[in-house]
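One file, start.cif, carrying mmCIF, C-alpha atoms and all ligand atoms:
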```cif
data_target
#
loop_
_atom_site.label_atom_id
_atom_site.label_comp_id
_atom_site.auth_asym_id
_atom_site.auth_seq_id
_atom_site.Cartn_x
_atom_site.Cartn_y
_atom_site.Cartn_z
CA MET A 16 15.49 11.42 -5.48
CA THR A 17 12.94 12.46 -8.03
CA PHE A 18 9.28 12.97 -7.03
CA VAL A 19 6.28 11.34 -5.41
CA ARG A 20 3.21 11.23 -7.65
CA THR A 21 0.09 12.18 -5.68
CA VAL A 22 -3.47 12.41 -7.03
CA LEU A 23 -3.08 16.21 -7.06
CA GLY A 24 0.27 16.17 -8.84
CA ASP A 25 3.96 15.43 -8.35
CA ILE A 26 5.65 16.62 -5.17
CA ASP A 27 9.14 16.68 -3.71
CA PRO A 28 9.55 13.51 -1.61
CA ALA A 29 10.71 15.75 1.26
CA ALA A 30 7.24 17.36 1.22
CA LEU A 31 5.44 14.07 1.88
CA GLY A 32 5.72 14.21 5.68
CA VAL A 33 4.21 11.70 8.10
CA THR A 34 2.94 8.89 5.88
CA TYR A 35 0.76 5.81 6.25
CA ALA A 36 2.20 3.42 3.69
CA HIS A 37 -0.70 1.01 3.01
CA GLU A 38 -4.25 2.32 3.23
CA HIS A 39 -7.69 1.83 1.73
CA LEU A 40 -9.37 5.19 2.00
CA VAL A 41 -11.71 4.63 -0.94
CA ILE A 42 -13.34 1.37 -2.03
CA ASP A 43 -16.21 2.34 -4.31
CA GLY A 44 -17.76 -1.04 -5.06
CA GLY A 45 -16.21 -3.76 -7.18
CA ARG A 46 -15.54 -7.35 -6.24
CA PRO A 47 -14.31 -6.65 -2.68
CA VAL A 48 -17.68 -5.05 -1.84
CA ASP A 49 -19.52 -7.92 -3.57
CA LEU A 50 -17.65 -10.25 -1.22
CA SER A 51 -18.33 -8.15 1.90
CA PRO A 52 -20.39 -4.92 2.15
CA ASP A 53 -18.15 -3.85 5.06
CA PHE A 54 -15.48 -3.05 2.43
CA LEU A 55 -17.57 -0.24 0.95
CA LEU A 56 -15.77 3.06 1.63
CA ASN A 57 -17.29 5.77 -0.58
CA ASP A 58 -19.02 8.21 1.78
CA ILE A 59 -16.94 11.32 1.17
CA ASP A 60 -18.18 13.11 4.31
CA ARG A 61 -17.36 10.24 6.65
CA LEU A 62 -14.02 9.59 4.96
CA THR A 63 -13.11 13.27 5.19
CA THR A 64 -13.97 13.21 8.92
CA GLU A 65 -11.79 10.12 9.42
CA LEU A 66 -8.85 11.52 7.49
CA ALA A 67 -9.18 14.92 9.18
CA ALA A 68 -8.88 13.18 12.57
CA ALA A 69 -5.69 11.48 11.39
CA HIS A 70 -4.45 14.83 10.04
CA ALA A 71 -5.05 16.37 13.47
CA ALA A 72 -2.89 13.56 14.91
CA GLY A 73 -0.09 14.49 12.50
CA LEU A 74 -0.79 12.52 9.31
CA ARG A 75 0.26 14.31 6.14
CA ALA A 76 0.19 11.57 3.46
CA ALA A 77 -1.30 8.15 2.75
CA ILE A 78 -0.75 5.63 0.00
CA ASP A 79 -4.07 4.18 -1.16
CA MET A 80 -3.34 0.61 -2.20
CA MET A 81 -6.44 -0.26 -4.21
CA PRO A 82 -5.25 -1.26 -7.70
CA ALA A 83 -7.19 -1.56 -10.97
CA ASP A 84 -10.79 -2.79 -11.15
CA CYS A 85 -11.15 -3.35 -7.43
CA GLY A 86 -13.28 -0.40 -6.33
CA ARG A 87 -10.72 2.25 -7.15
CA ASN A 88 -12.17 5.74 -7.68
CA PRO A 89 -9.56 8.41 -8.49
CA MET A 90 -12.09 11.27 -8.47
CA LEU A 91 -13.08 10.45 -4.88
CA LEU A 92 -9.42 10.29 -3.86
CA VAL A 93 -8.89 13.76 -5.33
CA GLU A 94 -11.87 15.17 -3.47
CA LEU A 95 -10.76 13.50 -0.25
CA SER A 96 -7.24 14.87 -0.60
CA ARG A 97 -8.53 18.39 -1.27
CA ARG A 98 -10.96 18.32 1.64
CA SER A 99 -8.59 16.76 4.19
CA GLY A 100 -5.33 18.44 3.17
CA VAL A 101 -3.61 15.02 3.21
CA HIS A 102 -1.43 14.00 0.24
CA LEU A 103 -2.87 10.85 -1.32
CA VAL A 104 -1.17 8.49 -3.75
CA ALA A 105 -3.30 6.23 -5.97
CA ALA A 106 -2.25 2.77 -7.14
CA THR A 107 -2.38 0.82 -10.35
CA GLY A 108 -1.66 -2.90 -10.65
CA LEU A 109 -3.79 -5.93 -9.79
CA HIS A 110 -4.81 -7.31 -6.43
CA HIS A 111 -4.77 -10.89 -5.10
CA GLU A 112 -6.90 -13.13 -7.32
CA ARG A 113 -9.72 -13.39 -4.77
CA PHE A 114 -10.37 -9.69 -5.45
CA THR A 115 -10.35 -10.04 -9.24
CA GLY A 116 -12.10 -13.38 -9.62
CA PRO A 117 -11.86 -16.42 -11.88
CA SER A 118 -13.05 -14.82 -15.14
CA HIS A 119 -11.28 -11.48 -14.94
CA TRP A 120 -10.06 -9.74 -18.12
CA SER A 121 -6.52 -9.64 -16.73
CA LEU A 122 -6.32 -13.44 -17.14
CA ARG A 123 -6.76 -13.00 -20.91
CA ALA A 124 -4.31 -10.09 -21.26
CA THR A 125 -0.68 -10.59 -22.25
CA GLU A 126 2.18 -9.51 -20.02
CA ASP A 127 2.95 -6.67 -22.46
CA GLU A 128 -0.66 -5.50 -22.46
CA LEU A 129 -0.71 -5.45 -18.66
CA ALA A 130 2.57 -3.52 -18.56
CA GLY A 131 1.09 -1.01 -21.02
CA LEU A 132 -2.04 -0.63 -18.93
CA PHE A 133 -0.08 -0.07 -15.70
CA ALA A 134 2.25 2.43 -17.42
CA ALA A 135 -0.73 4.32 -18.89
CA ASP A 136 -2.25 4.69 -15.41
CA VAL A 137 1.08 6.11 -14.22
CA GLU A 138 1.85 8.37 -17.19
CA ASP A 139 -1.51 9.33 -18.71
CA GLY A 140 -4.22 8.88 -16.07
CA ILE A 141 -6.56 6.37 -14.47
CA ASP A 142 -9.75 5.39 -16.31
CA GLU A 143 -12.76 7.14 -14.75
CA ARG A 144 -14.65 3.80 -14.69
CA ASP A 145 -11.58 1.91 -13.38
CA TYR A 146 -11.49 -0.63 -16.24
CA THR A 147 -14.84 -2.12 -15.25
CA GLY A 148 -15.80 -2.23 -18.94
CA PRO A 149 -14.47 -1.80 -22.45
CA ILE A 150 -15.00 1.99 -22.64
CA VAL A 151 -11.95 3.79 -21.26
CA ASN A 152 -11.96 7.52 -20.50
CA ARG A 153 -8.72 8.51 -18.87
CA THR A 154 -8.82 11.16 -16.16
CA ASP A 155 -5.76 13.32 -15.58
CA ILE A 156 -5.33 11.62 -12.18
CA ARG A 157 -2.20 9.48 -12.31
CA ALA A 158 -1.11 6.49 -10.26
CA GLY A 159 1.99 6.85 -8.08
CA VAL A 160 2.60 3.21 -7.19
CA ILE A 161 2.01 -0.25 -8.67
CA LYS A 162 0.37 -2.63 -6.20
CA ILE A 163 0.37 -6.33 -7.06
CA GLY A 164 -1.04 -9.26 -5.11
CA GLY A 165 1.03 -12.36 -4.38
CA SER A 166 -0.30 -15.71 -3.19
CA LEU A 167 0.45 -17.95 -0.23
CA GLY A 168 4.15 -18.85 -0.26
CA GLY A 169 4.98 -16.62 -3.24
CA PRO A 170 3.77 -15.66 -6.71
CA SER A 171 1.45 -18.27 -8.28
CA GLU A 172 1.28 -19.08 -11.99
CA ARG A 173 -1.52 -16.50 -12.21
CA ASP A 174 0.61 -13.89 -10.39
CA ARG A 175 3.91 -14.28 -12.26
CA PRO A 176 3.02 -12.48 -15.52
CA ILE A 177 1.41 -9.69 -13.46
CA PHE A 178 4.60 -9.29 -11.41
CA ARG A 179 6.74 -9.21 -14.57
CA ALA A 180 4.35 -6.66 -16.12
CA ALA A 181 4.76 -4.49 -13.01
CA ALA A 182 8.54 -4.73 -13.37
CA ALA A 183 8.28 -3.69 -17.03
CA ALA A 184 6.10 -0.71 -16.11
CA HIS A 185 8.62 0.22 -13.40
CA ALA A 186 11.46 0.15 -15.95
CA ARG A 187 9.46 2.36 -18.31
CA THR A 188 8.19 4.92 -15.79
CA GLY A 189 10.26 4.63 -12.60
CA VAL A 190 7.09 4.02 -10.55
CA PRO A 191 7.67 2.30 -7.18
CA VAL A 192 6.32 -1.23 -6.74
CA HIS A 193 4.38 -2.54 -3.74
CA THR A 194 3.17 -6.07 -3.07
CA HIS A 195 0.53 -7.87 -1.03
CA CYS A 196 2.02 -10.82 0.85
CA GLU A 197 -0.76 -13.34 1.48
CA ALA A 198 -0.79 -14.15 5.21
CA GLY A 199 2.54 -12.33 5.29
CA THR A 200 4.26 -15.13 3.35
CA GLY A 201 6.18 -15.35 0.10
CA ALA A 202 8.14 -12.11 0.47
CA LEU A 203 11.47 -13.62 -0.57
CA GLU A 204 9.99 -15.37 -3.62
CA GLN A 205 8.30 -12.11 -4.65
CA ILE A 206 11.53 -10.13 -4.24
CA ARG A 207 13.48 -12.70 -6.24
CA LEU A 208 11.02 -12.55 -9.14
CA LEU A 209 10.89 -8.76 -9.16
CA THR A 210 14.63 -8.16 -8.79
CA ASP A 211 15.30 -10.71 -11.55
CA ALA A 212 12.88 -8.68 -13.67
CA GLY A 213 14.77 -5.46 -12.92
CA VAL A 214 13.13 -3.84 -9.87
CA PRO A 215 15.82 -2.87 -7.32
CA GLY A 216 14.97 -3.45 -3.66
CA ALA A 217 15.16 0.31 -3.07
CA HIS A 218 11.98 0.78 -5.16
CA LEU A 219 10.11 -2.16 -3.73
CA SER A 220 7.95 -2.48 -0.62
CA LEU A 221 6.04 -5.47 0.75
CA SER A 222 2.96 -5.35 2.94
CA HIS A 223 1.43 -7.56 5.66
CA VAL A 224 4.80 -9.21 6.42
CA ASP A 225 4.29 -8.57 10.16
CA LYS A 226 1.78 -11.44 10.08
CA VAL A 227 4.90 -13.63 10.23
CA VAL A 228 6.59 -12.88 13.56
CA ASP A 229 9.88 -14.52 12.64
CA ARG A 230 13.09 -12.66 13.13
CA GLY A 231 15.05 -14.66 10.56
CA TYR A 232 12.43 -14.17 7.83
CA GLN A 233 12.39 -10.43 8.40
CA ARG A 234 16.20 -10.20 8.35
CA GLU A 235 16.30 -12.04 5.05
CA VAL A 236 13.82 -9.55 3.63
CA PHE A 237 15.83 -6.57 4.97
CA ALA A 238 19.02 -8.01 3.46
CA THR A 239 17.52 -7.60 -0.03
CA GLY A 240 17.26 -3.83 0.43
CA ALA A 241 13.46 -3.86 0.08
CA PHE A 242 11.12 -2.01 2.42
CA VAL A 243 8.44 -3.65 4.53
CA VAL A 244 5.11 -2.18 5.55
CA TYR A 245 4.00 -3.46 8.94
CA ASP A 246 0.23 -2.96 8.88
CA GLN A 247 -1.13 -5.31 11.56
CA ALA A 248 -0.48 -3.13 14.64
CA PHE A 249 -4.12 -3.00 15.85
CA ARG A 250 -5.03 -6.61 15.10
CA TRP A 251 -3.36 -8.57 17.92
CA GLY A 252 -6.18 -8.49 20.49
CA ASP A 253 -5.06 -10.13 23.74
CA ARG A 254 -2.00 -11.69 22.15
CA GLU A 255 1.47 -10.15 22.42
CA ASN A 256 1.72 -7.41 19.79
CA GLY A 257 3.83 -8.99 17.06
CA THR A 258 4.11 -5.73 15.13
CA LEU A 259 5.65 -4.03 18.17
CA GLN A 260 8.05 -6.96 18.61
CA LEU A 261 9.14 -6.85 14.97
CA ILE A 262 9.78 -3.10 15.11
CA GLU A 263 11.95 -3.62 18.21
CA TRP A 264 13.93 -6.31 16.42
CA ALA A 265 14.33 -4.17 13.30
CA VAL A 266 15.71 -1.33 15.44
CA GLU A 267 18.05 -3.71 17.31
CA THR A 268 19.45 -5.11 14.06
CA GLY A 269 19.92 -1.69 12.45
CA ASN A 270 17.06 -2.16 9.99
CA ALA A 271 14.77 0.72 11.01
CA GLY A 272 15.62 2.27 7.65
CA HIS A 273 13.53 -0.42 5.92
CA VAL A 274 10.34 -0.25 7.97
CA MET A 275 7.14 1.68 7.26
CA LEU A 276 3.75 1.49 8.96
CA GLY A 277 0.19 1.42 7.72
CA MET A 278 -3.29 0.57 8.94
CA ASP A 279 -4.61 -1.40 5.94
CA ALA A 280 -7.98 -0.54 7.49
CA ALA A 281 -10.11 -1.57 4.52
CA ARG A 282 -13.41 -1.90 6.41
CA GLN A 283 -16.09 0.43 7.74
CA GLY A 284 -15.73 -1.47 11.04
CA TYR A 285 -12.23 -0.01 11.49
CA TYR A 286 -13.24 3.63 10.93
CA THR A 287 -14.61 5.78 13.76
CA ALA A 288 -16.59 7.87 11.25
CA TYR A 289 -18.51 4.70 10.35
CA GLY A 290 -18.99 3.76 14.02
CA GLY A 291 -16.01 1.38 14.04
CA SER A 292 -12.64 1.17 15.80
CA PRO A 293 -9.74 1.76 16.32
CA GLY A 294 -9.93 4.65 13.83
CA LEU A 295 -7.32 5.93 11.43
CA PRO A 296 -5.33 8.02 13.99
CA PHE A 297 -4.42 4.82 15.93
CA LEU A 298 -0.80 4.59 14.73
CA LEU A 299 -0.06 8.21 15.61
CA ARG A 300 -1.78 8.07 18.99
CA GLU A 301 -2.10 4.78 20.91
CA PHE A 302 0.53 2.90 18.95
CA SER A 303 3.09 5.70 19.00
CA ASP A 304 2.61 5.85 22.79
CA ARG A 305 3.32 2.11 23.00
CA LEU A 306 6.43 2.53 20.84
CA GLU A 307 7.61 5.31 23.15
CA GLU A 308 7.06 3.06 26.21
CA ARG A 309 9.21 0.39 24.56
CA GLY A 310 12.03 2.89 24.02
CA ILE A 311 11.37 3.59 20.34
CA GLY A 312 11.68 7.34 20.41
CA ALA A 313 10.80 10.21 18.14
CA ASP A 314 13.96 9.86 16.03
CA ILE A 315 13.16 6.26 15.03
CA ARG A 316 9.47 7.08 14.56
CA ARG A 317 10.46 9.90 12.24
CA ARG A 318 12.44 7.46 10.09
CA ILE A 319 9.53 5.02 9.98
CA PHE A 320 6.79 7.57 9.29
CA VAL A 321 8.67 10.22 7.28
CA ASP A 322 12.13 9.38 5.92
CA ASN A 323 11.47 5.82 4.72
CA PRO A 324 8.24 6.59 2.82
CA ALA A 325 9.96 9.57 1.14
CA ARG A 326 12.52 7.12 -0.30
CA ALA A 327 10.25 4.12 -0.89
CA PHE A 328 7.57 6.03 -2.83
CA ALA A 329 9.88 8.30 -4.85
CA PHE A 330 10.05 7.46 -8.54
CA ALA A 331 13.28 5.97 -9.86
CA GLU A 332 15.27 7.82 -12.51
CA VAL A 333 14.42 6.27 -15.86
CA GLY A 334 16.53 5.85 -18.96
CA ARG A 335 19.28 4.09 -17.03
ZN ZN B 401 -4.49 -3.68 1.69
#
```
What does the file become when written as structure tokens?
Ligand SMILES: [Zn+2]
Amino acid sequence: MTFVRTVLGDIDPAALGVTYAHEHLVIDGGRPVDLSPDFLLNDIDRLTTELAAAHAAGLRAAIDMMPADCGRNPMLLVELSRRSGVHLVAATGLHHERFTGPSHWSLRATEDELAGLFAADVEDGIDERDYTGPIVNRTDIRAGVIKIGGSLGGPSERDRPIFRAAAAAHARTGVPVHTHCEAGTGALEQIRLLTDAGVPGAHLSLSHVDKVVDRGYQREVFATGAFVVYDQAFRWGDRENGTLQLIEWAVETGNAGHVMLGMDAARQGYYTAYGGSPGLPFLLREFSDRLEERGIGADIRRRIFVDNPARAFAFAEVGR
């Protein structure tokens, strides 16, 4: 293992601790907020309060999955990490096309240019204006993961060059790769494209896949060696909790070593500090209690919250 790249610097993966693997702690405008004002997350006092509550429940690290030109603000992430004492990892990459829009600059960039941009975010630092315009001033705050958005059923024509650019940036820098699975679908097609382009499953994680409560689908994903992030735990309402079911199945089939958890709570309405619910501590409080009731004890929870993120978000050795 090498290191995990946080917004405050590189750390030993063993120092990461209890980790939420897919979060949106900062969304400072951009197209998501244009689409829905509930996405706006830029009040440093409220966000510090929310993260401090999660810290009190045991949280020590979170991976912020907002990629380039989507409301990312590395300076706010730094301040939030300093004030809360929680390790934060920032992302580069590009989100699902609904969050970049039909006339986005990325559609006119070549695959090589995108790879160069992603690698620069990882090695040099994220632009202080997040690539919202042609003037780029790099901060010294570096991205520790590449997050890319796939489409329903797998990567679309728009997505494919972005996925290959992420793979090229991975080869150059060793940065781990993380994907958005639209409605939980397309995981296998995404993995195939990325592994063909040189990203080993061990450095790849896929989010939202617990939207598809299908044991066979999940086993096929596990068989590739990739990690999943189950991030739907609080969204089942009166229905049977599919996330809980999938964790049970993963444990039964010996795949707990591939599972991570996150909240993906990208809205004010999910944060207690904004008057919403269930609040960021949910996974470490109510949901951990439910896991315990279902026989998923502290040893398994430690793998899911601590050991797996330490592997999944560690940089690969480069120069292979
Ligand atoms: Zn997300």
Counting only C-alpha atoms and all ligand atoms, which residues in chain A sit no more than 12 Å from ligand ZN 401 (chain B)? For each one, give the nearest pair of atoms and the distance in Å, sorted by chain then residue number, as JSON lines.
```
{"residue": "A:Tyr35", "atom": "CA", "partner": "B:ZN401", "partner_atom": "ZN", "distance": 11.8}
{"residue": "A:Ala36", "atom": "CA", "partner": "B:ZN401", "partner_atom": "ZN", "distance": 10.0}
{"residue": "A:His37", "atom": "CA", "partner": "B:ZN401", "partner_atom": "ZN", "distance": 6.2}
{"residue": "A:Glu38", "atom": "CA", "partner": "B:ZN401", "partner_atom": "ZN", "distance": 6.2}
{"residue": "A:His39", "atom": "CA", "partner": "B:ZN401", "partner_atom": "ZN", "distance": 6.4}
{"residue": "A:Leu40", "atom": "CA", "partner": "B:ZN401", "partner_atom": "ZN", "distance": 10.1}
{"residue": "A:Val41", "atom": "CA", "partner": "B:ZN401", "partner_atom": "ZN", "distance": 11.3}
{"residue": "A:Ile42", "atom": "CA", "partner": "B:ZN401", "partner_atom": "ZN", "distance": 10.8}
{"residue": "A:Pro47", "atom": "CA", "partner": "B:ZN401", "partner_atom": "ZN", "distance": 11.2}
{"residue": "A:Phe54", "atom": "CA", "partner": "B:ZN401", "partner_atom": "ZN", "distance": 11.0}
{"residue": "A:Ile78", "atom": "CA", "partner": "B:ZN401", "partner_atom": "ZN", "distance": 10.2}
{"residue": "A:Asp79", "atom": "CA", "partner": "B:ZN401", "partner_atom": "ZN", "distance": 8.4}
{"residue": "A:Met80", "atom": "CA", "partner": "B:ZN401", "partner_atom": "ZN", "distance": 5.9}
{"residue": "A:Met81", "atom": "CA", "partner": "B:ZN401", "partner_atom": "ZN", "distance": 7.1}
{"residue": "A:Pro82", "atom": "CA", "partner": "B:ZN401", "partner_atom": "ZN", "distance": 9.7}
{"residue": "A:Cys85", "atom": "CA", "partner": "B:ZN401", "partner_atom": "ZN", "distance": 11.3}
{"residue": "A:Ala106", "atom": "CA", "partner": "B:ZN401", "partner_atom": "ZN", "distance": 11.2}
{"residue": "A:Leu109", "atom": "CA", "partner": "B:ZN401", "partner_atom": "ZN", "distance": 11.7}
{"residue": "A:His110", "atom": "CA", "partner": "B:ZN401", "partner_atom": "ZN", "distance": 8.9}
{"residue": "A:His111", "atom": "CA", "partner": "B:ZN401", "partner_atom": "ZN", "distance": 9.9}
{"residue": "A:Phe114", "atom": "CA", "partner": "B:ZN401", "partner_atom": "ZN", "distance": 11.0}
{"residue": "A:Lys162", "atom": "CA", "partner": "B:ZN401", "partner_atom": "ZN", "distance": 9.3}
{"residue": "A:Ile163", "atom": "CA", "partner": "B:ZN401", "partner_atom": "ZN", "distance": 10.4}
{"residue": "A:Gly164", "atom": "CA", "partner": "B:ZN401", "partner_atom": "ZN", "distance": 9.4}
{"residue": "A:Gly165", "atom": "CA", "partner": "B:ZN401", "partner_atom": "ZN", "distance": 11.9}
{"residue": "A:His193", "atom": "CA", "partner": "B:ZN401", "partner_atom": "ZN", "distance": 10.5}
{"residue": "A:Thr194", "atom": "CA", "partner": "B:ZN401", "partner_atom": "ZN", "distance": 9.3}
{"residue": "A:His195", "atom": "CA", "partner": "B:ZN401", "partner_atom": "ZN", "distance": 7.1}
{"residue": "A:Cys196", "atom": "CA", "partner": "B:ZN401", "partner_atom": "ZN", "distance": 9.7}
{"residue": "A:Glu197", "atom": "CA", "partner": "B:ZN401", "partner_atom": "ZN", "distance": 10.4}
{"residue": "A:Ala198", "atom": "CA", "partner": "B:ZN401", "partner_atom": "ZN", "distance": 11.6}
{"residue": "A:Gly199", "atom": "CA", "partner": "B:ZN401", "partner_atom": "ZN", "distance": 11.7}
{"residue": "A:Leu221", "atom": "CA", "partner": "B:ZN401", "partner_atom": "ZN", "distance": 10.7}
{"residue": "A:Ser222", "atom": "CA", "partner": "B:ZN401", "partner_atom": "ZN", "distance": 7.7}
{"residue": "A:His223", "atom": "CA", "partner": "B:ZN401", "partner_atom": "ZN", "distance": 8.1}
{"residue": "A:Val224", "atom": "CA", "partner": "B:ZN401", "partner_atom": "ZN", "distance": 11.8}
{"residue": "A:Val244", "atom": "CA", "partner": "B:ZN401", "partner_atom": "ZN", "distance": 10.5}
{"residue": "A:Tyr245", "atom": "CA", "partner": "B:ZN401", "partner_atom": "ZN", "distance": 11.2}
{"residue": "A:Asp246", "atom": "CA", "partner": "B:ZN401", "partner_atom": "ZN", "distance": 8.6}
{"residue": "A:Gln247", "atom": "CA", "partner": "B:ZN401", "partner_atom": "ZN", "distance": 10.6}
{"residue": "A:Gly277", "atom": "CA", "partner": "B:ZN401", "partner_atom": "ZN", "distance": 9.2}
{"residue": "A:Met278", "atom": "CA", "partner": "B:ZN401", "partner_atom": "ZN", "distance": 8.5}
{"residue": "A:Asp279", "atom": "CA", "partner": "B:ZN401", "partner_atom": "ZN", "distance": 4.8}
{"residue": "A:Ala280", "atom": "CA", "partner": "B:ZN401", "partner_atom": "ZN", "distance": 7.5}
{"residue": "A:Ala281", "atom": "CA", "partner": "B:ZN401", "partner_atom": "ZN", "distance": 6.6}
{"residue": "A:Arg282", "atom": "CA", "partner": "B:ZN401", "partner_atom": "ZN", "distance": 10.2}
```
Can those selected residues be exported to a file as a PDB file, in the coordinates of the input so that it contains C-alpha atoms?
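Result file is out_37.pdb:
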```pdb
ATOM      1  CA  TYR A  35       0.760   5.810   6.250  1.00  0.00           C
ATOM      2  CA  ALA A  36       2.200   3.420   3.690  1.00  0.00           C
ATOM      3  CA  HIS A  37      -0.700   1.010   3.010  1.00  0.00           C
ATOM      4  CA  GLU A  38      -4.250   2.320   3.230  1.00  0.00           C
ATOM      5  CA  HIS A  39      -7.690   1.830   1.730  1.00  0.00           C
ATOM      6  CA  LEU A  40      -9.370   5.190   2.000  1.00  0.00           C
ATOM      7  CA  VAL A  41     -11.710   4.630  -0.940  1.00  0.00           C
ATOM      8  CA  ILE A  42     -13.340   1.370  -2.030  1.00  0.00           C
ATOM      9  CA  PRO A  47     -14.310  -6.650  -2.680  1.00  0.00           C
ATOM     10  CA  PHE A  54     -15.480  -3.050   2.430  1.00  0.00           C
ATOM     11  CA  ILE A  78      -0.750   5.630   0.000  1.00  0.00           C
ATOM     12  CA  ASP A  79      -4.070   4.180  -1.160  1.00  0.00           C
ATOM     13  CA  MET A  80      -3.340   0.610  -2.200  1.00  0.00           C
ATOM     14  CA  MET A  81      -6.440  -0.260  -4.210  1.00  0.00           C
ATOM     15  CA  PRO A  82      -5.250  -1.260  -7.700  1.00  0.00           C
ATOM     16  CA  CYS A  85     -11.150  -3.350  -7.430  1.00  0.00           C
ATOM     17  CA  ALA A 106      -2.250   2.770  -7.140  1.00  0.00           C
ATOM     18  CA  LEU A 109      -3.790  -5.930  -9.790  1.00  0.00           C
ATOM     19  CA  HIS A 110      -4.810  -7.310  -6.430  1.00  0.00           C
ATOM     20  CA  HIS A 111      -4.770 -10.890  -5.100  1.00  0.00           C
ATOM     21  CA  PHE A 114     -10.370  -9.690  -5.450  1.00  0.00           C
ATOM     22  CA  LYS A 162       0.370  -2.630  -6.200  1.00  0.00           C
ATOM     23  CA  ILE A 163       0.370  -6.330  -7.060  1.00  0.00           C
ATOM     24  CA  GLY A 164      -1.040  -9.260  -5.110  1.00  0.00           C
ATOM     25  CA  GLY A 165       1.030 -12.360  -4.380  1.00  0.00           C
ATOM     26  CA  HIS A 193       4.380  -2.540  -3.740  1.00  0.00           C
ATOM     27  CA  THR A 194       3.170  -6.070  -3.070  1.00  0.00           C
ATOM     28  CA  HIS A 195       0.530  -7.870  -1.030  1.00  0.00           C
ATOM     29  CA  CYS A 196       2.020 -10.820   0.850  1.00  0.00           C
ATOM     30  CA  GLU A 197      -0.760 -13.340   1.480  1.00  0.00           C
ATOM     31  CA  ALA A 198      -0.790 -14.150   5.210  1.00  0.00           C
ATOM     32  CA  GLY A 199       2.540 -12.330   5.290  1.00  0.00           C
ATOM     33  CA  LEU A 221       6.040  -5.470   0.750  1.00  0.00           C
ATOM     34  CA  SER A 222       2.960  -5.350   2.940  1.00  0.00           C
ATOM     35  CA  HIS A 223       1.430  -7.560   5.660  1.00  0.00           C
ATOM     36  CA  VAL A 224       4.800  -9.210   6.420  1.00  0.00           C
ATOM     37  CA  VAL A 244       5.110  -2.180   5.550  1.00  0.00           C
ATOM     38  CA  TYR A 245       4.000  -3.460   8.940  1.00  0.00           C
ATOM     39  CA  ASP A 246       0.230  -2.960   8.880  1.00  0.00           C
ATOM     40  CA  GLN A 247      -1.130  -5.310  11.560  1.00  0.00           C
ATOM     41  CA  GLY A 277       0.190   1.420   7.720  1.00  0.00           C
ATOM     42  CA  MET A 278      -3.290   0.570   8.940  1.00  0.00           C
ATOM     43  CA  ASP A 279      -4.610  -1.400   5.940  1.00  0.00           C
ATOM     44  CA  ALA A 280      -7.980  -0.540   7.490  1.00  0.00           C
ATOM     45  CA  ALA A 281     -10.110  -1.570   4.520  1.00  0.00           C
ATOM     46  CA  ARG A 282     -13.410  -1.900   6.410  1.00  0.00           C
TER      47      ARG A 282
END
```
Would you give the centre and edge lengths, in Å to one decimal, of a box along x, y and z around the listed atoms of stretch 147-150 of chain A, with 5 Å added to each side, as AutoDock Vina command-line options?
```
--center_x -15.1 --center_y -0.1 --center_z -18.9 --size_x 11.3 --size_y 14.2 --size_z 17.4
```
Original post:
Skipping near chain neighbours, those fewer than 2 positions away, what residues fall within 12 Å of stretch 116-120 of chain A using all atoms listed in the file, listed as a PyMOL selection string?
Top reply: chain A and resi 45-47+49-50+83-85+109-114+122-125+128-129+146-149+173
Selection export as a PDB file, in the frame of the given file, atoms kept: C-alpha atoms:
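Result went into part.pdb, see below:
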```
ATOM      1  CA  GLY A  45     -16.210  -3.760  -7.180  1.00  0.00           C
ATOM      2  CA  ARG A  46     -15.540  -7.350  -6.240  1.00  0.00           C
ATOM      3  CA  PRO A  47     -14.310  -6.650  -2.680  1.00  0.00           C
ATOM      4  CA  ASP A  49     -19.520  -7.920  -3.570  1.00  0.00           C
ATOM      5  CA  LEU A  50     -17.650 -10.250  -1.220  1.00  0.00           C
ATOM      6  CA  ALA A  83      -7.190  -1.560 -10.970  1.00  0.00           C
ATOM      7  CA  ASP A  84     -10.790  -2.790 -11.150  1.00  0.00           C
ATOM      8  CA  CYS A  85     -11.150  -3.350  -7.430  1.00  0.00           C
ATOM      9  CA  LEU A 109      -3.790  -5.930  -9.790  1.00  0.00           C
ATOM     10  CA  HIS A 110      -4.810  -7.310  -6.430  1.00  0.00           C
ATOM     11  CA  HIS A 111      -4.770 -10.890  -5.100  1.00  0.00           C
ATOM     12  CA  GLU A 112      -6.900 -13.130  -7.320  1.00  0.00           C
ATOM     13  CA  ARG A 113      -9.720 -13.390  -4.770  1.00  0.00           C
ATOM     14  CA  PHE A 114     -10.370  -9.690  -5.450  1.00  0.00           C
ATOM     15  CA  LEU A 122      -6.320 -13.440 -17.140  1.00  0.00           C
ATOM     16  CA  ARG A 123      -6.760 -13.000 -20.910  1.00  0.00           C
ATOM     17  CA  ALA A 124      -4.310 -10.090 -21.260  1.00  0.00           C
ATOM     18  CA  THR A 125      -0.680 -10.590 -22.250  1.00  0.00           C
ATOM     19  CA  GLU A 128      -0.660  -5.500 -22.460  1.00  0.00           C
ATOM     20  CA  LEU A 129      -0.710  -5.450 -18.660  1.00  0.00           C
ATOM     21  CA  TYR A 146     -11.490  -0.630 -16.240  1.00  0.00           C
ATOM     22  CA  THR A 147     -14.840  -2.120 -15.250  1.00  0.00           C
ATOM     23  CA  GLY A 148     -15.800  -2.230 -18.940  1.00  0.00           C
ATOM     24  CA  PRO A 149     -14.470  -1.800 -22.450  1.00  0.00           C
ATOM     25  CA  ARG A 173      -1.520 -16.500 -12.210  1.00  0.00           C
TER      26      ARG A 173
END
```
Original post:
Suppose you want the space between atom CA of A:Arg300 and atom CA of A:Thr34; what is it in Å?
Top reply: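 A separation of 14.0 Å between them.
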Subject >> Which residue of A:His102, A:Arg61, A:Arg87, A:Arg97 approaches A:Glu143 most closely, using all atoms listed in the file >> reply: A:Arg87
